[in-house]
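Novice: File target36.csv below, CSV, C-alpha atoms:
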```csv
chain,number,residue,atom,x,y,z
A,34,MET,CA,14.3,116.2,10.6
A,35,ALA,CA,17.1,118.7,9.7
A,36,THR,CA,20.6,118.0,10.9
A,37,PRO,CA,22.6,120.6,12.9
A,38,LYS,CA,24.8,121.2,9.8
A,39,GLU,CA,21.7,121.9,7.6
A,40,ILE,CA,20.4,124.3,10.2
A,41,LEU,CA,23.7,126.1,10.3
A,42,ALA,CA,23.7,126.4,6.5
A,43,PHE,CA,20.3,127.8,6.6
A,44,LEU,CA,21.3,130.4,9.1
A,45,THR,CA,24.3,131.4,7.1
A,46,LYS,CA,22.3,132.1,4.0
A,47,ASN,CA,19.5,134.0,5.9
A,48,LYS,CA,21.0,137.0,7.6
A,49,GLY,CA,17.7,138.2,8.8
A,50,VAL,CA,17.3,135.3,11.3
A,51,GLN,CA,20.8,135.3,12.6
A,52,LEU,CA,19.9,137.7,15.4
A,53,VAL,CA,17.1,135.4,16.6
A,54,ALA,CA,19.5,132.5,16.4
A,55,LEU,CA,22.1,134.3,18.6
A,56,VAL,CA,19.4,135.1,21.2
A,57,LEU,CA,18.3,131.4,21.3
A,58,ALA,CA,22.0,130.3,21.6
A,59,PHE,CA,22.5,132.7,24.5
A,60,LEU,CA,19.4,131.3,26.2
A,61,VAL,CA,20.5,127.7,25.7
A,62,GLY,CA,23.9,128.5,27.0
A,63,ALA,CA,22.5,130.2,30.0
A,64,LEU,CA,20.3,127.2,30.8
A,65,PHE,CA,22.5,124.2,29.9
A,66,GLY,CA,26.0,125.6,29.6
A,67,GLN,CA,28.0,126.5,26.5
A,68,GLY,CA,29.3,122.9,26.1
A,69,ALA,CA,25.8,121.8,25.1
A,70,ILE,CA,25.8,124.1,22.1
A,71,PHE,CA,29.1,122.9,20.7
A,72,GLN,CA,28.2,119.2,21.4
A,73,TRP,CA,24.9,119.7,19.4
A,74,LEU,CA,26.8,121.4,16.6
A,75,SER,CA,29.3,118.6,16.3
A,76,LEU,CA,26.8,115.7,15.9
A,77,GLY,CA,26.4,116.3,12.2
A,78,ASN,CA,30.1,116.3,11.5
A,79,ASP,CA,30.7,113.1,13.5
A,80,SER,CA,27.9,111.3,11.7
A,81,GLU,CA,29.3,112.4,8.3
A,82,ARG,CA,32.8,111.4,9.2
A,83,ALA,CA,31.7,107.9,10.3
A,84,THR,CA,29.8,107.4,7.1
A,85,GLN,CA,32.8,108.6,5.0
A,86,ALA,CA,35.2,106.4,6.9
A,87,ARG,CA,32.9,103.3,6.3
A,88,VAL,CA,32.7,104.1,2.6
A,89,GLU,CA,36.4,104.6,2.4
A,90,LEU,CA,37.0,101.2,4.1
A,91,GLU,CA,34.5,99.4,1.8
A,92,THR,CA,36.1,100.9,-1.2
A,93,LYS,CA,39.5,99.8,0.0
A,94,LEU,CA,38.3,96.3,0.7
A,95,ILE,CA,36.6,96.0,-2.7
A,96,GLY,CA,39.8,97.1,-4.4
A,97,GLN,CA,41.9,94.6,-2.5
A,98,LEU,CA,39.3,91.8,-3.4
A,99,TYR,CA,39.6,92.7,-7.1
A,100,ASP,CA,43.4,92.6,-6.9
A,101,TYR,CA,43.3,89.2,-5.2
A,102,GLU,CA,40.8,87.8,-7.7
A,103,SER,CA,42.7,89.0,-10.7
A,104,THR,CA,46.0,87.4,-9.4
A,105,ILE,CA,44.2,84.1,-8.6
A,106,GLN,CA,42.7,84.0,-12.1
A,107,THR,CA,46.1,84.5,-13.6
A,108,LEU,CA,48.0,81.9,-11.5
A,109,VAL,CA,45.5,79.0,-11.5
A,110,PRO,CA,46.0,77.8,-15.1
A,111,ARG,CA,49.8,77.7,-14.5
A,112,TYR,CA,49.4,76.0,-11.2
A,113,VAL,CA,47.1,73.2,-12.6
A,114,THR,CA,49.5,72.6,-15.5
A,115,MET,CA,52.5,72.2,-13.1
A,116,ARG,CA,50.5,70.1,-10.7
A,117,ASP,CA,49.4,67.6,-13.4
A,118,ALA,CA,52.9,67.3,-14.7
A,119,LEU,CA,54.4,66.3,-11.4
A,120,SER,CA,55.9,62.9,-11.1
A,121,ASP,CA,58.7,61.1,-9.3
A,122,GLU,CA,61.1,62.3,-12.0
A,123,THR,CA,60.2,65.9,-11.6
A,124,PRO,CA,63.4,68.0,-11.1
A,125,ARG,CA,63.8,69.5,-7.7
A,126,ALA,CA,63.9,73.0,-9.0
A,127,GLN,CA,60.5,72.5,-10.8
A,128,ARG,CA,59.0,70.9,-7.7
A,129,LEU,CA,60.2,73.9,-5.6
A,130,GLU,CA,58.6,76.3,-8.1
A,131,TYR,CA,55.3,74.3,-7.8
A,132,ASP,CA,55.4,74.5,-4.0
A,133,SER,CA,56.0,78.2,-4.1
A,134,LEU,CA,53.1,78.7,-6.4
A,135,ARG,CA,50.9,76.4,-4.3
A,136,TYR,CA,51.6,78.4,-1.1
A,137,GLN,CA,51.0,81.7,-2.9
A,138,LEU,CA,47.6,80.5,-4.1
A,139,ILE,CA,46.6,79.3,-0.7
A,140,GLY,CA,47.5,82.7,0.8
A,141,LEU,CA,45.6,84.5,-1.9
A,142,PHE,CA,42.4,82.4,-1.4
A,143,LEU,CA,42.5,82.8,2.4
A,144,SER,CA,43.1,86.5,2.2
A,145,TYR,CA,40.3,87.0,-0.3
A,146,ASN,CA,37.8,85.1,1.8
A,147,LYS,CA,38.8,86.7,5.0
A,148,LEU,CA,38.3,90.2,3.4
A,149,GLU,CA,35.0,89.0,2.0
A,150,ALA,CA,33.8,87.9,5.4
A,151,LYS,CA,34.8,91.4,6.8
A,152,LEU,CA,33.2,93.3,3.9
A,153,SER,CA,29.9,91.3,4.1
A,154,GLN,CA,29.6,92.3,7.7
A,155,LEU,CA,30.1,95.9,6.9
A,156,GLU,CA,27.6,95.8,4.2
A,157,LYS,CA,25.2,93.6,6.2
A,158,ARG,CA,24.8,91.0,3.5
A,159,GLY,CA,25.5,87.3,2.9
A,160,ALA,CA,29.2,86.5,2.2
A,161,GLN,CA,30.1,85.5,-1.4
A,162,PHE,CA,33.2,83.4,-0.9
A,163,MET,CA,35.6,82.4,-3.6
A,164,LEU,CA,35.7,78.6,-3.8
A,165,PRO,CA,38.9,76.9,-4.9
A,166,ALA,CA,37.0,73.9,-6.2
A,167,GLN,CA,35.2,76.2,-8.7
A,168,LEU,CA,38.4,77.4,-10.3
A,169,ILE,CA,40.8,74.5,-9.8
A,170,SER,CA,40.0,71.2,-11.6
A,171,PRO,CA,40.4,68.0,-9.5
A,172,ARG,CA,43.3,65.7,-9.8
A,173,ALA,CA,43.0,62.7,-12.1
A,174,PRO,CA,42.7,59.4,-10.1
A,175,ARG,CA,46.0,57.6,-9.6
A,176,VAL,CA,45.8,53.9,-10.4
A,177,ALA,CA,48.5,51.5,-9.4
A,178,VAL,CA,48.5,47.7,-9.6
A,179,ARG,CA,49.3,46.4,-6.1
A,180,SER,CA,49.2,42.7,-6.8
A,181,THR,CA,48.0,40.2,-9.4
A,182,LEU,CA,46.1,37.0,-8.7
A,183,PRO,CA,47.1,34.5,-11.4
A,184,ALA,CA,44.6,32.9,-13.7
A,185,THR,CA,43.2,29.5,-12.9
A,186,ALA,CA,41.3,26.8,-14.9
A,187,SER,CA,38.0,28.5,-14.1
A,188,SER,CA,38.9,32.2,-13.8
A,189,GLN,CA,41.0,34.9,-15.4
A,190,ALA,CA,43.9,36.7,-13.8
A,191,VAL,CA,42.8,39.5,-11.5
A,192,ASN,CA,44.8,42.7,-10.9
A,193,ILE,CA,44.4,44.2,-7.4
A,194,VAL,CA,44.7,48.0,-7.9
A,195,ASP,CA,44.9,50.9,-5.7
A,196,VAL,CA,42.9,53.9,-6.9
A,197,THR,CA,43.9,57.1,-5.1
A,198,LEU,CA,41.6,60.1,-5.4
A,199,ASP,CA,43.9,62.8,-4.2
A,200,GLU,CA,42.3,66.1,-3.4
A,201,ASP,CA,43.9,69.1,-4.9
A,202,ASP,CA,46.6,70.5,-2.5
A,203,VAL,CA,45.3,74.1,-2.7
A,204,THR,CA,41.7,73.2,-2.3
A,205,LYS,CA,42.4,70.9,0.7
A,206,ALA,CA,44.5,73.5,2.5
A,207,VAL,CA,42.1,76.3,1.9
A,208,ASP,CA,39.1,74.3,3.1
A,209,GLN,CA,40.9,73.3,6.3
A,210,GLN,CA,42.2,76.8,7.1
A,211,LEU,CA,38.9,78.5,6.3
A,212,GLU,CA,37.5,76.9,9.4
A,213,LEU,CA,39.8,79.3,11.4
A,214,ILE,CA,38.3,82.2,9.5
A,215,PHE,CA,34.8,81.1,10.2
A,216,ASP,CA,35.5,80.7,13.9
A,217,GLN,CA,37.1,84.2,13.9
A,218,TYR,CA,34.0,85.9,12.7
A,219,ASN,CA,30.8,83.9,13.0
A,220,ALA,CA,29.8,80.3,12.9
A,221,SER,CA,27.1,81.2,10.3
A,222,PHE,CA,29.9,81.8,7.7
A,223,ARG,CA,30.6,78.0,7.8
A,224,ASN,CA,27.1,77.2,6.6
A,225,ALA,CA,27.2,80.1,4.2
A,226,TYR,CA,30.3,78.7,2.6
A,227,TYR,CA,29.0,75.2,2.1
A,228,GLN,CA,25.6,76.5,1.1
A,229,GLN,CA,27.2,78.6,-1.6
A,230,SER,CA,29.3,75.6,-2.6
A,231,CYS,CA,26.2,73.4,-2.8
A,232,LYS,CA,24.3,75.9,-4.9
A,233,SER,CA,27.3,76.2,-7.2
A,234,GLY,CA,27.0,72.5,-8.0
A,235,LEU,CA,29.7,71.0,-5.6
A,236,ALA,CA,27.9,67.9,-4.6
A,237,ARG,CA,30.1,66.9,-1.7
A,238,ALA,CA,29.3,70.3,0.0
A,239,CYS,CA,25.6,69.3,-0.1
A,240,VAL,CA,26.6,66.1,1.7
A,241,ILE,CA,28.6,68.0,4.3
A,242,LEU,CA,25.6,70.3,5.0
A,243,ALA,CA,23.3,67.4,5.3
A,244,ASP,CA,25.6,65.5,7.6
A,245,ALA,CA,25.9,68.6,9.8
A,246,GLY,CA,22.1,68.8,10.0
A,247,SER,CA,21.4,65.2,10.6
A,248,GLY,CA,24.5,64.6,12.8
A,249,ALA,CA,25.3,61.8,10.2
A,250,ARG,CA,22.9,59.6,12.2
A,251,LEU,CA,21.2,57.8,9.3
A,252,GLU,CA,19.3,55.4,11.6
A,253,GLN,CA,17.0,58.4,12.5
A,254,ARG,CA,14.4,59.9,10.3
A,255,LEU,CA,15.9,62.7,8.2
A,256,GLN,CA,14.6,66.2,8.4
A,257,SER,CA,13.2,67.4,5.0
A,258,GLU,CA,16.0,69.9,4.5
A,259,ASP,CA,18.7,67.3,5.1
A,260,ARG,CA,16.9,64.9,2.8
A,261,GLU,CA,16.8,67.5,0.1
A,262,LEU,CA,20.5,68.2,0.4
A,263,TYR,CA,21.3,64.5,0.0
A,264,GLU,CA,19.0,64.2,-2.9
A,265,LYS,CA,20.7,67.2,-4.6
A,266,ALA,CA,24.1,65.6,-4.0
A,267,CYS,CA,22.8,62.4,-5.6
A,268,SER,CA,21.3,64.3,-8.6
A,269,LEU,CA,24.7,66.0,-9.0
A,270,GLY,CA,26.4,62.6,-9.3
A,271,ASP,CA,27.8,62.1,-5.9
A,272,SER,CA,27.2,58.5,-5.0
A,273,LEU,CA,27.6,59.1,-1.3
A,274,GLY,CA,24.4,61.2,-1.3
A,275,CYS,CA,22.5,58.4,-2.9
A,276,GLU,CA,24.1,55.8,-0.6
A,277,LYS,CA,23.2,57.7,2.6
A,278,LEU,CA,19.6,58.0,1.4
A,279,GLY,CA,19.6,54.3,0.8
A,280,PHE,CA,20.9,53.6,4.3
A,281,ASN,CA,18.4,55.9,5.9
A,282,ALA,CA,15.5,54.4,4.0
A,283,PHE,CA,16.7,50.9,5.0
A,284,TYR,CA,16.7,51.9,8.7
A,285,GLN,CA,13.1,53.2,8.3
A,286,LEU,CA,12.2,49.7,6.8
A,287,GLN,CA,11.4,51.3,3.5
A,288,TYR,CA,13.1,48.6,1.5
A,289,THR,CA,11.8,49.6,-2.0
A,290,SER,CA,13.1,53.1,-1.5
A,291,ALA,CA,16.4,51.8,-0.1
A,292,MET,CA,17.0,49.6,-3.1
A,293,GLN,CA,16.2,52.5,-5.5
A,294,TRP,CA,18.7,54.8,-3.9
A,295,LEU,CA,21.3,52.1,-3.6
A,296,THR,CA,20.9,51.2,-7.3
A,297,LYS,CA,21.6,54.9,-8.1
A,298,ALA,CA,24.7,54.8,-5.9
A,299,CYS,CA,25.9,51.6,-7.5
A,300,ASP,CA,25.3,53.0,-11.0
A,301,LEU,CA,27.5,56.0,-10.0
A,302,GLY,CA,30.3,53.7,-9.1
A,303,SER,CA,29.9,53.1,-5.4
A,304,GLY,CA,31.3,49.7,-4.5
A,305,SER,CA,29.8,49.8,-1.1
A,306,GLY,CA,26.4,50.8,-2.6
A,307,CYS,CA,26.5,47.8,-4.9
A,308,GLY,CA,27.5,45.6,-2.0
A,309,PHE,CA,24.8,46.8,0.3
A,310,LEU,CA,22.3,46.4,-2.5
A,311,GLY,CA,23.5,42.8,-3.1
A,312,THR,CA,23.1,41.8,0.5
A,313,LEU,CA,19.5,43.2,0.5
A,314,TYR,CA,18.7,41.0,-2.5
A,315,ALA,CA,20.2,38.0,-0.6
A,316,SER,CA,18.5,38.7,2.7
A,317,ARG,CA,15.7,36.5,3.8
A,318,GLU,CA,14.3,39.3,6.1
A,319,VAL,CA,13.4,41.1,2.8
A,320,ALA,CA,11.9,37.9,1.5
A,321,GLU,CA,9.4,39.5,-1.0
A,322,ARG,CA,12.4,41.1,-2.8
A,323,GLN,CA,14.9,38.2,-2.4
A,324,ASP,CA,16.6,37.6,-5.7
A,325,PRO,CA,19.8,35.5,-5.4
A,326,SER,CA,20.8,36.0,-9.0
A,327,LYS,CA,20.5,39.8,-8.6
A,328,ALA,CA,22.4,39.5,-5.4
A,329,ARG,CA,25.3,37.8,-7.2
A,330,GLU,CA,25.3,40.5,-9.9
A,331,MET,CA,25.4,43.4,-7.4
A,332,LEU,CA,28.0,41.8,-5.1
A,333,ALA,CA,30.2,41.1,-8.2
A,334,ARG,CA,29.9,44.8,-9.1
A,335,GLY,CA,30.7,45.8,-5.6
A,336,CYS,CA,33.8,43.6,-5.6
A,337,GLU,CA,34.9,44.9,-8.9
A,338,GLY,CA,34.5,48.4,-7.5
A,339,GLY,CA,37.0,47.6,-4.8
A,340,ASN,CA,34.6,46.9,-1.9
A,341,ASN,CA,36.3,44.0,-0.1
A,342,ARG,CA,33.2,43.0,1.9
A,343,SER,CA,31.3,42.6,-1.4
A,344,CYS,CA,33.9,40.0,-2.4
A,345,TYR,CA,33.5,38.2,0.9
A,346,TYR,CA,29.7,38.1,0.7
A,347,LEU,CA,29.9,36.9,-2.8
A,348,ALA,CA,32.1,34.0,-1.6
A,349,ILE,CA,29.5,33.2,1.0
A,350,LEU,CA,26.8,33.3,-1.7
A,351,TYR,CA,28.8,30.7,-3.8
A,352,VAL,CA,28.7,28.1,-1.1
A,353,SER,CA,25.4,29.0,0.5
A,354,GLY,CA,23.2,27.1,-1.9
A,355,LEU,CA,21.1,30.1,-2.8
A,356,ILE,CA,22.8,30.0,-6.2
A,357,PRO,CA,24.5,27.0,-7.7
A,358,ARG,CA,27.4,26.0,-5.5
A,359,ASP,CA,30.8,26.9,-6.9
A,360,PRO,CA,33.6,26.3,-4.3
A,361,SER,CA,36.3,27.4,-6.7
A,362,ALA,CA,34.6,30.7,-7.4
A,363,ALA,CA,34.1,31.2,-3.7
A,364,MET,CA,37.8,30.6,-3.1
A,365,ARG,CA,38.6,33.2,-5.8
A,366,GLN,CA,36.4,35.8,-4.1
A,367,LEU,CA,38.1,35.1,-0.8
A,368,GLU,CA,41.5,35.6,-2.4
A,369,ILE,CA,40.4,39.0,-3.7
A,370,ALA,CA,38.8,40.0,-0.4
A,371,CYS,CA,42.1,39.0,1.4
A,372,ALA,CA,44.2,40.9,-1.2
A,373,LEU,CA,41.9,43.9,-0.5
A,374,ARG,CA,42.9,43.6,3.2
A,375,LEU,CA,39.7,42.1,4.7
A,376,ASP,CA,40.7,40.0,7.7
A,377,GLU,CA,37.6,37.8,7.4
A,378,GLY,CA,38.5,37.0,3.8
A,379,CYS,CA,42.1,35.9,4.8
A,380,LYS,CA,40.9,33.8,7.8
A,381,SER,CA,38.2,32.1,5.7
A,382,LEU,CA,40.8,31.4,3.0
A,383,GLU,CA,43.0,29.7,5.6
A,384,GLN,CA,40.1,27.6,6.7
A,385,PHE,CA,38.5,27.1,3.4
A,386,GLU,CA,37.4,23.5,4.0
A,387,LYS,CA,35.4,24.7,7.0
A,388,PHE,CA,34.1,27.7,5.0
A,389,GLN,CA,32.8,25.7,2.0
A,390,ALA,CA,30.9,23.4,4.3
A,391,CYS,CA,28.3,26.1,4.5
A,392,SER,CA,25.0,25.0,3.2
A,393,SER,CA,21.6,26.4,2.4
A,394,ASP,CA,21.1,26.9,6.1
A,395,ALA,CA,23.3,30.1,5.8
A,396,VAL,CA,21.8,32.9,7.9
A,397,TYR,CA,21.4,36.4,6.6
A,398,THR,CA,20.9,39.1,9.2
A,399,LEU,CA,20.0,42.7,8.9
A,400,PRO,CA,22.1,45.4,10.7
A,401,GLY,CA,21.9,46.3,14.4
A,402,GLU,CA,24.1,49.3,13.7
A,403,ALA,CA,25.9,50.8,10.7
A,404,HIS,CA,26.2,48.0,8.2
A,405,LEU,CA,24.2,45.1,6.9
A,406,THR,CA,26.0,41.9,7.7
A,407,LEU,CA,25.7,38.7,5.7
A,408,GLU,CA,26.9,35.7,7.7
A,409,CYS,CA,27.5,32.1,6.8
A,410,ASN,CA,27.2,29.7,9.8
A,411,ALA,CA,29.3,26.7,8.9
A,412,PRO,CA,28.7,23.6,10.9
A,413,SER,CA,31.2,23.0,13.6
A,414,GLN,CA,33.8,20.4,13.1
```
When written as C-alpha cells, how does the structure in this file appear?
Specialist:
Amino acid sequence: MATPKEILAFLTKNKGVQLVALVLAFLVGALFGQGAIFQWLSLGNDSERATQARVELETKLIGQLYDYESTIQTLVPRYVTMRDALSDETPRAQRLEYDSLRYQLIGLFLSYNKLEAKLSQLEKRGAQFMLPAQLISPRAPRVAVRSTLPATASSQAVNIVDVTLDEDDVTKAVDQQLELIFDQYNASFRNAYYQQSCKSGLARACVILADAGSGARLEQRLQSEDRELYEKACSLGDSLGCEKLGFNAFYQLQYTSAMQWLTKACDLGSGSGCGFLGTLYASREVAERQDPSKAREMLARGCEGGNNRSCYYLAILYVSGLIPRDPSAAMRQLEIACALRLDEGCKSLEQFEKFQACSSDAVYTLPGEAHLTLECNAPSQ
C-alpha cells in the first residue's frame, strides 16, 4: 500500500490529476475537518523520522562499542604484565598505576556490555557480550608453605602448603557488577551471558548454568539439559562438573557411573573427588565394588590434593583392619588432617590410643545428605 508521502509525490508529478485531488481533499475536509488531512499527510514523515532516529542511534552505539573494544584490546596486555609482576616489593607508584589501569578496564568492560545489551534490544537479537575471561589470562596459583611435618622413621617430611587460586581482579569485578546490568534490562541476559561463556569454552560458566537449572540439588534426578552442561564442563577440564555428576549418580544409586565420573574428577586434580571415590571403594554398602587397596590409593591422592577429610579417612583405613594395620601411618595422616584444619583430625590425634583401638568392625555409612561419611567406631573405654 502506498504511503501518504508516495501519494503526494505522484500528485506532484502528474498535474492532470491535481484538480481531482483538490476536490477530494475539499470533500474530506468538509466531512471530517481540515485537521484530518494534515494528520494523514504527516504519518509518512513521522514514520520516516522514527526509522532514521533508530538507525542513527544504532550507528552511534556501534561506533562506541568499536571504540571500547579497541581500547580494551590495547590495554589488556599491559594490564596482565603489570598484574603478574606485582609482589610485596612492588613500589607504591607502580601499584597505583596498576590500580588505575584495573579500574579503567573494569569501566570499559561494563560500559561495553551495557551498550551491547541496549543495542541487542534495539536490533531484536541475542546479546553478544564481551567476556573478560576470554581476553585476560588467569592468575598463576600462589603456593605458600604453611607448615612442615618433620620426617619420622617410617615417613618423609611433609610440607603443608596453601595453594591460592586468585581470580583475576578485573574478571571478578566485571562478573559481579554485570549482575546489576542484567537486572536493569532483562533477567534473560544473565543466562545469555553464561550461555555465551559456556559455548566459548569457559567450563565454569557451564557449571553455573547447570547449578541454576538444577538448583544445585544433586540428590534429585538431573534434567537432561543440566546434565549436558555438567558433562560439557567436565569435558572442558573442570573437575567440579565431573564431581557433581558423580555425586548425582551416587544419589541415584548408580554406583558404576558415580565411580566413573569421580575418577575423571580425581584425574583432573579434585582432592574431594579422589576422597569421595576412596570412600566408595571402602564402603560395605557398595560391597560388589569394595576394594580396600584402591580405597587407600584414592584417599592418599585426595589427601595429597589438600582434601583434609581424605587424610582423616585414610587414617581410619590404616587402623580398621581392611588393609594391613599401620598405627604410625594412621597417626601421620591425622597430623596432616589436623594441619589442614580438620577438627576431627586434631581430636583423634589427641586421643590416639582410643582412635587406634578401632578394629575390623569399623562401620562405613553412606550419606544422608551432602557428603559420604566414613566412620570408625572405636570401642568405649
Novice: Please provide the set of residues having any atom within 12 Å of Arg374 of chain A, restricted to only C-alpha atoms, with same-chain residues fewer than 2 positions apart removed, written as a list in words.
Specialist: Arg179, Ser180, Ile193, Asp195, Gly339, Asn340, Asn341, Arg342, Cys344, Tyr345, Leu367, Glu368, Ile369, Ala370, Cys371, Ala372, Asp376, Glu377, Gly378, Cys379 and Lys380 of chain A
Novice: Looking at A:Gln389, A:Gln285, A:Thr104, A:Thr296, which one is nearest to Gln137 of chain A, with distances taken over only C-alpha atoms?
Specialist: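 Counting only C-alpha atoms, the residue closest to Gln137 of chain A is A:Thr104.
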Novice: So which one's closest to Ala363 of chain A, A:Ser188, A:Cys239, A:Pro124, A:Gln210? Using all atoms listed in the file, please.
Specialist: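 Ranked by minimum distance to Ala363 of chain A, first place goes to A:Ser188.
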Novice: Mind checking which residues fall within 12 Å of Lys93 of chain A, counting only C-alpha atoms, ignoring those fewer than 6 positions away in the same chain, and posting them as a compact mmCIF listing (two decimals) with C-alpha atoms, keeping the file's coordinate frame?
Specialist:
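Listed below is the output, out.txt:
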```txt
# COMPACT_ATOMS: atom_id res chain seq x y z
CA ALA A 86 35.20 106.40 6.90
CA ARG A 87 32.90 103.30 6.30
CA TYR A 99 39.60 92.70 -7.10
CA ASP A 100 43.40 92.60 -6.90
CA LEU A 148 38.30 90.20 3.40
CA GLU A 149 35.00 89.00 2.00
CA LYS A 151 34.80 91.40 6.80
CA LEU A 152 33.20 93.30 3.90
```
Novice: From the options A:Gln323, A:Asn281, A:Tyr101, A:Leu273, which residue's atoms come nearest to Asp300 of chain A, counting all atoms listed in the file?
Specialist: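 Smallest separation from Asp300 of chain A among the options: A:Leu273.
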Novice: Taking (33.5, 32.1, -6.3) in the coordinates of the supplied file, I want to know which residues reach to within 9 Å of it, counting all atoms listed in the file; could you give the answer as a list in words?
Specialist: Cys344, Leu347, Ala348, Ile349, Leu350, Tyr351, Val352, Arg358, Asp359, Pro360, Ser361, Ala362, Ala363, Met364, Arg365, Gln366 and Leu367 of chain A
Novice: Determine, counting all atoms listed in the file, which protein, DNA and RNA residues have an atom within 9 Å of an atom of Glu264 of chain A; residues of the same chain fewer than 6 positions away are not included. Present the result as a PyMOL selection string.
Specialist: chain A and resi 239+274-275+278
Novice: Next, write the just-selected residues to a file, as a PDB file, in the frame of the given file, keeping C-alpha atoms as the atom set.
Specialist:
```pdb
ATOM      1  CA  CYS A 239      25.600  69.300  -0.100  1.00  0.00           C
ATOM      2  CA  GLY A 274      24.400  61.200  -1.300  1.00  0.00           C
ATOM      3  CA  CYS A 275      22.500  58.400  -2.900  1.00  0.00           C
ATOM      4  CA  LEU A 278      19.600  58.000   1.400  1.00  0.00           C
TER       5      LEU A 278
END
```
Novice: Would you compute the distance between atom CA of Asn146 of chain A and atom CA of Phe162 of chain A? Give it in Å to one decimal.
Specialist: 5.6 Å
Novice: Please provide as a list in words all residues within 12 Å of Ser133 of chain A, with the sequence filter that same-chain residues fewer than 5 positions apart are discarded (counting only C-alpha atoms).
Specialist: Leu108, Tyr112, Met115, Arg116, Ala126, Gln127, Arg128, Leu138, Ile139, Gly140 and Val203 of chain A
Novice: Provide the atom CA of Ser257 of chain A to atom CA of Phe309 of chain A distance in Å, to one decimal place.
Specialist: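 Separation of atom CA of Ser257 of chain A and atom CA of Phe309 of chain A: 24.1 Å.
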Novice: Could you check how far atom CA of Gly308 of chain A sits from atom CA of Phe283 of chain A, in Å to one decimal?
Specialist: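 Between atom CA of Gly308 of chain A and atom CA of Phe283 of chain A the gap works out to 13.9 Å.
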Novice: Restricting the calculation to only C-alpha atoms, which member of A:Glu252, A:Val191, A:Gln209, A:Leu94 is positioned closest to Gln154 of chain A?
Specialist: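 Of all the options, A:Leu94 lies closest to Gln154 of chain A.
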Novice: Between A:Pro165, A:Ala186, A:Gly96, A:Ser353, which has the minimum distance to Pro325 of chain A (counting all atoms listed in the file)?
Specialist: A:Ser353
Novice: Looking at A:Leu134, A:Glu91, A:Asp259, A:Tyr346, which one is nearest to Ser153 of chain A, with distances taken over only C-alpha atoms?
Specialist: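 The answer is A:Glu91, which sits nearest to Ser153 of chain A.
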Novice: Could you give me, as a JSON list (two decimals) with C-alpha atoms, in the frame of the given file, the residues within 9 Å of Ala243 of chain A, counting all atoms listed in the file and dropping anything in the same chain fewer than 6 positions from it?
Specialist:
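Once everything was written out, this is out-v3.json:
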```json
[["chain", "number", "residue", "atom", "x", "y", "z"],
["A", 249, "ALA", "CA", 25.30, 61.80, 10.20],
["A", 258, "GLU", "CA", 16.00, 69.90, 4.50],
["A", 259, "ASP", "CA", 18.70, 67.30, 5.10],
["A", 260, "ARG", "CA", 16.90, 64.90, 2.80],
["A", 261, "GLU", "CA", 16.80, 67.50, 0.10],
["A", 262, "LEU", "CA", 20.50, 68.20, 0.40],
["A", 263, "TYR", "CA", 21.30, 64.50, 0.00]]
```
